[in-house]
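Working notes for the structure below.
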Amino acid sequence: MSTTLHFHKYQGTGNDFVMLDDRGQTFDIANHQLVRFLCDRRRGIGADGLILLRPHAAYDFEMVYFNADGYVGSMCGNGGRCTVAFARQLGVIETSTRFLAADGPHEARIDADGTVHLRMQDVLGQQEVEEYGVFLDTGSPHLVRFQPASTLAELNVFAEGRAIRYNERFREKGTNVNFVESPSAPDQPWQVRTYERGVEDETLSCGTGVTAVALAASKRGASSPVHLRTPGGDLRVAFEARPDGSFTHVFLSGPATHVFSGTVAV
Ligand SMILES: N[C@@H](CCC[C@H](N)C(=O)O)C(=O)O
């Protein structure tokens, strides 16, 4: 028997999500086929991921993130910012919050202009990964590769990213792959394009990805806050570096936009 599902579509610098108000906890998180359908850009609503907003006894809400492949994912930075904006739209919060996500608790606030500042988990220092680049876990696993000047725009991110994501070193758990071009001048941003695990394609932006890039770039002269430009828009990452090479007070900041709401037959 078919029924209808009320949904809300959000995007954060082009990384887009189907948001469901699941405070009734009725959504079957094991229904991978339904999540894949809802994220399908031709047969369903279309999104890089799906996010449930659920109640939690100790936090304002819990965010449950699914990749477009239908499976529960790790932390989603842009999705976290969109969930904060969604919680405000629902009246669950006002302008600040503490919520639970896959990698633990997060705090966030929303400015009057709609910018969402999301505190990420502390990040351990980067690990050099031989010829591939540097690896950091910012709530999701990220490989960061710095590219030669003026090469990022023409790079085949899908082919290059997929080859790394499925190679011997990363195949088992997968990784997101971020390709970076350093600023052409001091007042210019760091440019980033990302192949995203679980979407298995290039996305217009990846929040945990630009966070990894900013922290890796701090070893190449970038200072907090780092201005990053993705094909989907600009983000900023602020942080404090610790003497042991780890990072704290990591904040991902940028827009989070409600695009439309609707109902879908499921
Ligand atoms: N786009 C997200 C990343 C979500 C997790 C990623 N797909 C993975 O599985 O690692 C973000 O904004 O962080």
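FYI, nothing fancy with the structure tokens labels: chains A, B, ... in order, residues from 1 per chain, ligands from 1 as they appear.
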Would you pick out the contacts of stretch 186-189 of chain A at 6 Å or less, using only C-alpha atoms, so that residues sharing its chain but fewer than 3 positions from it are not included, and give the list as an MDAnalysis selection string? chainID A and resid 183 227:229
Assign secondary structure with DSSP using the backbone only, and return the residues of stretch 4-161 of chain A in helix (DSSP H, G or I) as a JSON list (two decimals) with N, CA and C atoms, in the first residue's frame.
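Okay, this is what ended up in out10.json:
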```json
[["chain", "number", "residue", "atom", "x", "y", "z"],
["A", 32, "HIS", "N", 17.12, 0.74, 3.04],
["A", 32, "HIS", "CA", 18.13, 1.37, 2.17],
["A", 32, "HIS", "C", 17.53, 1.71, 0.81],
["A", 33, "GLN", "N", 16.61, 0.86, 0.34],
["A", 33, "GLN", "CA", 16.01, 1.09, -0.99],
["A", 33, "GLN", "C", 15.21, 2.39, -0.99],
["A", 34, "LEU", "N", 14.48, 2.65, 0.10],
["A", 34, "LEU", "CA", 13.69, 3.89, 0.17],
["A", 34, "LEU", "C", 14.62, 5.11, 0.17],
["A", 35, "VAL", "N", 15.70, 5.06, 0.92],
["A", 35, "VAL", "CA", 16.63, 6.20, 0.95],
["A", 35, "VAL", "C", 17.21, 6.43, -0.45],
["A", 36, "ARG", "N", 17.61, 5.32, -1.11],
["A", 36, "ARG", "CA", 18.16, 5.46, -2.47],
["A", 36, "ARG", "C", 17.14, 6.07, -3.41],
["A", 37, "PHE", "N", 15.87, 5.65, -3.28],
["A", 37, "PHE", "CA", 14.80, 6.21, -4.14],
["A", 37, "PHE", "C", 14.65, 7.70, -3.87],
["A", 38, "LEU", "N", 14.59, 8.10, -2.62],
["A", 38, "LEU", "CA", 14.37, 9.51, -2.28],
["A", 38, "LEU", "C", 15.51, 10.38, -2.76],
["A", 39, "CYS", "N", 16.74, 9.83, -2.79],
["A", 39, "CYS", "CA", 17.92, 10.59, -3.24],
["A", 39, "CYS", "C", 18.12, 10.51, -4.76],
["A", 77, "GLY", "N", 29.25, 17.56, 7.33],
["A", 77, "GLY", "CA", 29.39, 18.94, 7.79],
["A", 77, "GLY", "C", 28.36, 19.87, 7.19],
["A", 78, "ASN", "N", 28.19, 19.82, 5.87],
["A", 78, "ASN", "CA", 27.16, 20.67, 5.24],
["A", 78, "ASN", "C", 25.78, 20.21, 5.70],
["A", 79, "GLY", "N", 25.61, 18.90, 5.83],
["A", 79, "GLY", "CA", 24.32, 18.38, 6.31],
["A", 79, "GLY", "C", 24.05, 18.81, 7.74],
["A", 80, "GLY", "N", 25.09, 18.88, 8.54],
["A", 80, "GLY", "CA", 24.92, 19.35, 9.92],
["A", 80, "GLY", "C", 24.46, 20.79, 9.96],
["A", 81, "ARG", "N", 25.06, 21.62, 9.09],
["A", 81, "ARG", "CA", 24.63, 23.01, 9.05],
["A", 81, "ARG", "C", 23.18, 23.13, 8.57],
["A", 82, "CYS", "N", 22.81, 22.30, 7.56],
["A", 82, "CYS", "CA", 21.42, 22.33, 7.08],
["A", 82, "CYS", "C", 20.44, 21.83, 8.14],
["A", 83, "THR", "N", 20.87, 20.84, 8.94],
["A", 83, "THR", "CA", 19.98, 20.32, 9.98],
["A", 83, "THR", "C", 19.73, 21.38, 11.07],
["A", 84, "VAL", "N", 20.74, 22.17, 11.36],
["A", 84, "VAL", "CA", 20.56, 23.27, 12.33],
["A", 84, "VAL", "C", 19.53, 24.27, 11.79],
["A", 85, "ALA", "N", 19.64, 24.61, 10.52],
["A", 85, "ALA", "CA", 18.66, 25.54, 9.92],
["A", 85, "ALA", "C", 17.27, 24.91, 9.88],
["A", 86, "PHE", "N", 17.21, 23.60, 9.62],
["A", 86, "PHE", "CA", 15.94, 22.88, 9.60],
["A", 86, "PHE", "C", 15.31, 22.87, 10.99],
["A", 87, "ALA", "N", 16.13, 22.62, 12.01],
["A", 87, "ALA", "CA", 15.63, 22.60, 13.40],
["A", 87, "ALA", "C", 15.03, 23.96, 13.76],
["A", 88, "ARG", "N", 15.67, 25.01, 13.26],
["A", 88, "ARG", "CA", 15.12, 26.35, 13.55],
["A", 88, "ARG", "C", 13.79, 26.56, 12.82],
["A", 89, "GLN", "N", 13.72, 26.05, 11.55],
["A", 89, "GLN", "CA", 12.46, 26.19, 10.78],
["A", 89, "GLN", "C", 11.32, 25.48, 11.49],
["A", 90, "LEU", "N", 11.65, 24.34, 12.13],
["A", 90, "LEU", "CA", 10.62, 23.55, 12.83],
["A", 90, "LEU", "C", 10.27, 24.13, 14.19],
["A", 157, "VAL", "N", 37.68, 14.91, -11.83],
["A", 157, "VAL", "CA", 37.56, 14.56, -10.40],
["A", 157, "VAL", "C", 36.89, 13.21, -10.23],
["A", 158, "PHE", "N", 35.90, 12.90, -11.07],
["A", 158, "PHE", "CA", 35.21, 11.62, -10.94],
["A", 158, "PHE", "C", 36.20, 10.46, -11.14],
["A", 159, "ALA", "N", 36.93, 10.50, -12.25],
["A", 159, "ALA", "CA", 37.84, 9.40, -12.57],
["A", 159, "ALA", "C", 39.00, 9.33, -11.56],
["A", 160, "GLU", "N", 39.62, 10.48, -11.29],
["A", 160, "GLU", "CA", 40.78, 10.50, -10.38],
["A", 160, "GLU", "C", 40.34, 10.13, -8.95],
["A", 161, "GLY", "N", 39.20, 10.67, -8.53],
["A", 161, "GLY", "CA", 38.74, 10.41, -7.16],
["A", 161, "GLY", "C", 38.32, 8.98, -6.97]]
```
Produce as a PyMOL selection string the set of residues near ligand 1, where near means within 8 Å with only C-alpha atoms and all ligand atoms considered. chain A and resi 15+48-49+65+67+73-80+139-142+174-176+196-199+203+205-209
Please list as a compact mmCIF listing (two decimals) with N, CA and C atoms, in the first residue's frame every residue within 12 Å of A:Pro243, counting only C-alpha atoms and excluding residues in the same chain fewer than 3 positions away.
```txt
# COMPACT_ATOMS: atom_id res chain seq x y z
N LEU A 124 42.54 14.92 15.02
CA LEU A 124 43.92 14.48 15.24
C LEU A 124 44.77 14.98 14.07
N GLY A 125 46.07 14.98 14.26
CA GLY A 125 46.96 15.50 13.21
C GLY A 125 46.85 14.70 11.93
N GLU A 240 42.00 26.15 16.06
CA GLU A 240 43.19 26.40 16.88
C GLU A 240 44.08 25.17 16.76
N SER A 246 47.41 18.32 16.65
CA SER A 246 45.95 18.16 16.53
C SER A 246 45.30 19.54 16.49
N PHE A 247 43.98 19.56 16.30
CA PHE A 247 43.24 20.82 16.12
C PHE A 247 42.00 20.82 17.01
N THR A 248 41.71 21.98 17.60
CA THR A 248 40.51 22.14 18.42
C THR A 248 39.79 23.43 18.05
```
Nearby residues (only C-alpha atoms) at most 8 Å from A:Ile51, same-chain spacing under 3 positions excluded, as a list in words: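 Residues near the query, excluding close chain neighbours: Phe17, Val18, Met19, Leu20, Met63, Val64, Tyr65, Phe66, Gly79 and Thr83 of chain A.
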Output N, CA and C atoms for every residue in that selection, as a PDB file, in the first residue's frame.
```pdb
ATOM      1  N   PHE A  17      20.310  17.924   0.369  1.00  0.00           N
ATOM      2  CA  PHE A  17      19.816  16.891   1.284  1.00  0.00           C
ATOM      3  C   PHE A  17      18.291  16.857   1.322  1.00  0.00           C
ATOM      4  N   VAL A  18      17.735  15.664   1.403  1.00  0.00           N
ATOM      5  CA  VAL A  18      16.325  15.487   1.759  1.00  0.00           C
ATOM      6  C   VAL A  18      16.264  15.432   3.279  1.00  0.00           C
ATOM      7  N   MET A  19      15.504  16.337   3.871  1.00  0.00           N
ATOM      8  CA  MET A  19      15.402  16.424   5.339  1.00  0.00           C
ATOM      9  C   MET A  19      14.034  15.908   5.765  1.00  0.00           C
ATOM     10  N   LEU A  20      14.012  15.037   6.744  1.00  0.00           N
ATOM     11  CA  LEU A  20      12.737  14.509   7.257  1.00  0.00           C
ATOM     12  C   LEU A  20      12.612  14.817   8.743  1.00  0.00           C
ATOM     13  N   MET A  63      20.847  14.034  14.734  1.00  0.00           N
ATOM     14  CA  MET A  63      20.892  14.054  13.260  1.00  0.00           C
ATOM     15  C   MET A  63      21.362  12.681  12.788  1.00  0.00           C
ATOM     16  N   VAL A  64      20.552  12.011  11.955  1.00  0.00           N
ATOM     17  CA  VAL A  64      20.952  10.725  11.381  1.00  0.00           C
ATOM     18  C   VAL A  64      21.155  10.943   9.884  1.00  0.00           C
ATOM     19  N   TYR A  65      22.384  10.754   9.412  1.00  0.00           N
ATOM     20  CA  TYR A  65      22.750  11.056   8.025  1.00  0.00           C
ATOM     21  C   TYR A  65      22.890   9.778   7.198  1.00  0.00           C
ATOM     22  N   PHE A  66      22.303   9.778   6.021  1.00  0.00           N
ATOM     23  CA  PHE A  66      22.452   8.692   5.055  1.00  0.00           C
ATOM     24  C   PHE A  66      23.092   9.250   3.783  1.00  0.00           C
ATOM     25  N   GLY A  79      25.611  18.903   5.826  1.00  0.00           N
ATOM     26  CA  GLY A  79      24.324  18.384   6.306  1.00  0.00           C
ATOM     27  C   GLY A  79      24.051  18.807   7.736  1.00  0.00           C
ATOM     28  N   THR A  83      20.866  20.841   8.940  1.00  0.00           N
ATOM     29  CA  THR A  83      19.978  20.323   9.984  1.00  0.00           C
ATOM     30  C   THR A  83      19.733  21.376  11.070  1.00  0.00           C
TER      31      THR A  83
END
```
To one decimal in Å, tell me the separation between atom CA of A:Val237 and atom CA of A:Pro225.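 Going from atom CA of A:Val237 over to atom CA of A:Pro225 covers 5.4 Å.
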Can you tell me which residues surround A:Phe260 at a distance of at most 8 Å, considering only C-alpha atoms, apart from same-chain residues fewer than 4 positions away, and format the answer as a PDB file with N, CA and C atoms, in the first residue's frame?
```pdb
ATOM      1  N   HIS A   8      11.505  18.028   3.277  1.00  0.00           N
ATOM      2  CA  HIS A   8      12.016  19.407   3.089  1.00  0.00           C
ATOM      3  C   HIS A   8      13.362  19.282   2.397  1.00  0.00           C
ATOM      4  N   LYS A   9      13.591  20.053   1.334  1.00  0.00           N
ATOM      5  CA  LYS A   9      14.853  19.995   0.598  1.00  0.00           C
ATOM      6  C   LYS A   9      15.734  21.163   1.033  1.00  0.00           C
ATOM      7  N   TYR A  10      16.938  20.883   1.442  1.00  0.00           N
ATOM      8  CA  TYR A  10      17.909  21.910   1.846  1.00  0.00           C
ATOM      9  C   TYR A  10      19.189  21.736   1.033  1.00  0.00           C
TER      10      TYR A  10
END
```
What does the distance between atom CA of A:Ala153 and atom CA of A:Leu118 come to in Å, to one decimal place? 28.4 Å
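Residues of stretch 165-199 of chain A that DSSP, applied to the backbone, places in strand (DSSP E): A:Asn176, A:Val177, A:Asn178, A:Phe179, A:Val180, A:Glu181, A:Trp190, A:Gln191, A:Val192, A:Arg193, A:Thr194, A:Tyr195, A:Glu196.
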Would you save the residues from that selection as a CSV table (one decimal), in the first residue's frame, using N, CA and C atoms?
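Final file, again24.csv:
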```csv
chain,number,residue,atom,x,y,z
A,176,ASN,N,36.8,9.9,1.2
A,176,ASN,CA,36.5,11.1,0.3
A,176,ASN,C,37.8,11.6,-0.2
A,177,VAL,N,37.8,12.1,-1.4
A,177,VAL,CA,39.1,12.6,-2.0
A,177,VAL,C,38.9,14.1,-2.4
A,178,ASN,N,39.7,15.0,-1.8
A,178,ASN,CA,39.6,16.4,-2.0
A,178,ASN,C,40.9,16.9,-2.8
A,179,PHE,N,40.6,17.5,-4.0
A,179,PHE,CA,41.7,18.1,-4.8
A,179,PHE,C,41.7,19.6,-4.6
A,180,VAL,N,42.9,20.1,-4.3
A,180,VAL,CA,43.0,21.5,-3.8
A,180,VAL,C,44.0,22.3,-4.7
A,181,GLU,N,43.6,23.5,-4.9
A,181,GLU,CA,44.6,24.5,-5.5
A,181,GLU,C,44.8,25.7,-4.6
A,190,TRP,N,41.3,29.2,-1.1
A,190,TRP,CA,41.8,27.9,-1.4
A,190,TRP,C,40.6,27.2,-2.2
A,191,GLN,N,40.9,26.7,-3.4
A,191,GLN,CA,39.9,26.1,-4.2
A,191,GLN,C,39.9,24.6,-4.0
A,192,VAL,N,38.7,24.0,-3.9
A,192,VAL,CA,38.5,22.6,-3.6
A,192,VAL,C,37.5,22.0,-4.5
A,193,ARG,N,37.8,20.8,-5.0
A,193,ARG,CA,36.8,19.9,-5.6
A,193,ARG,C,36.8,18.5,-5.0
A,194,THR,N,35.7,17.9,-4.7
A,194,THR,CA,35.6,16.7,-3.9
A,194,THR,C,34.9,15.5,-4.6
A,195,TYR,N,35.5,14.4,-4.5
A,195,TYR,CA,34.9,13.1,-4.9
A,195,TYR,C,34.4,12.6,-3.6
A,196,GLU,N,33.1,12.3,-3.5
A,196,GLU,CA,32.5,11.9,-2.2
A,196,GLU,C,32.1,10.5,-2.1
```
Find, counting only C-alpha atoms, the residue in A:Ala256, A:Leu155, A:Met120, A:Val250 that gets nearest to A:Asp234.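 Nearest to A:Asp234: A:Ala256.
Atom CA of A:Asp21 sits 19.5 Å away from atom CA of A:Asp40.
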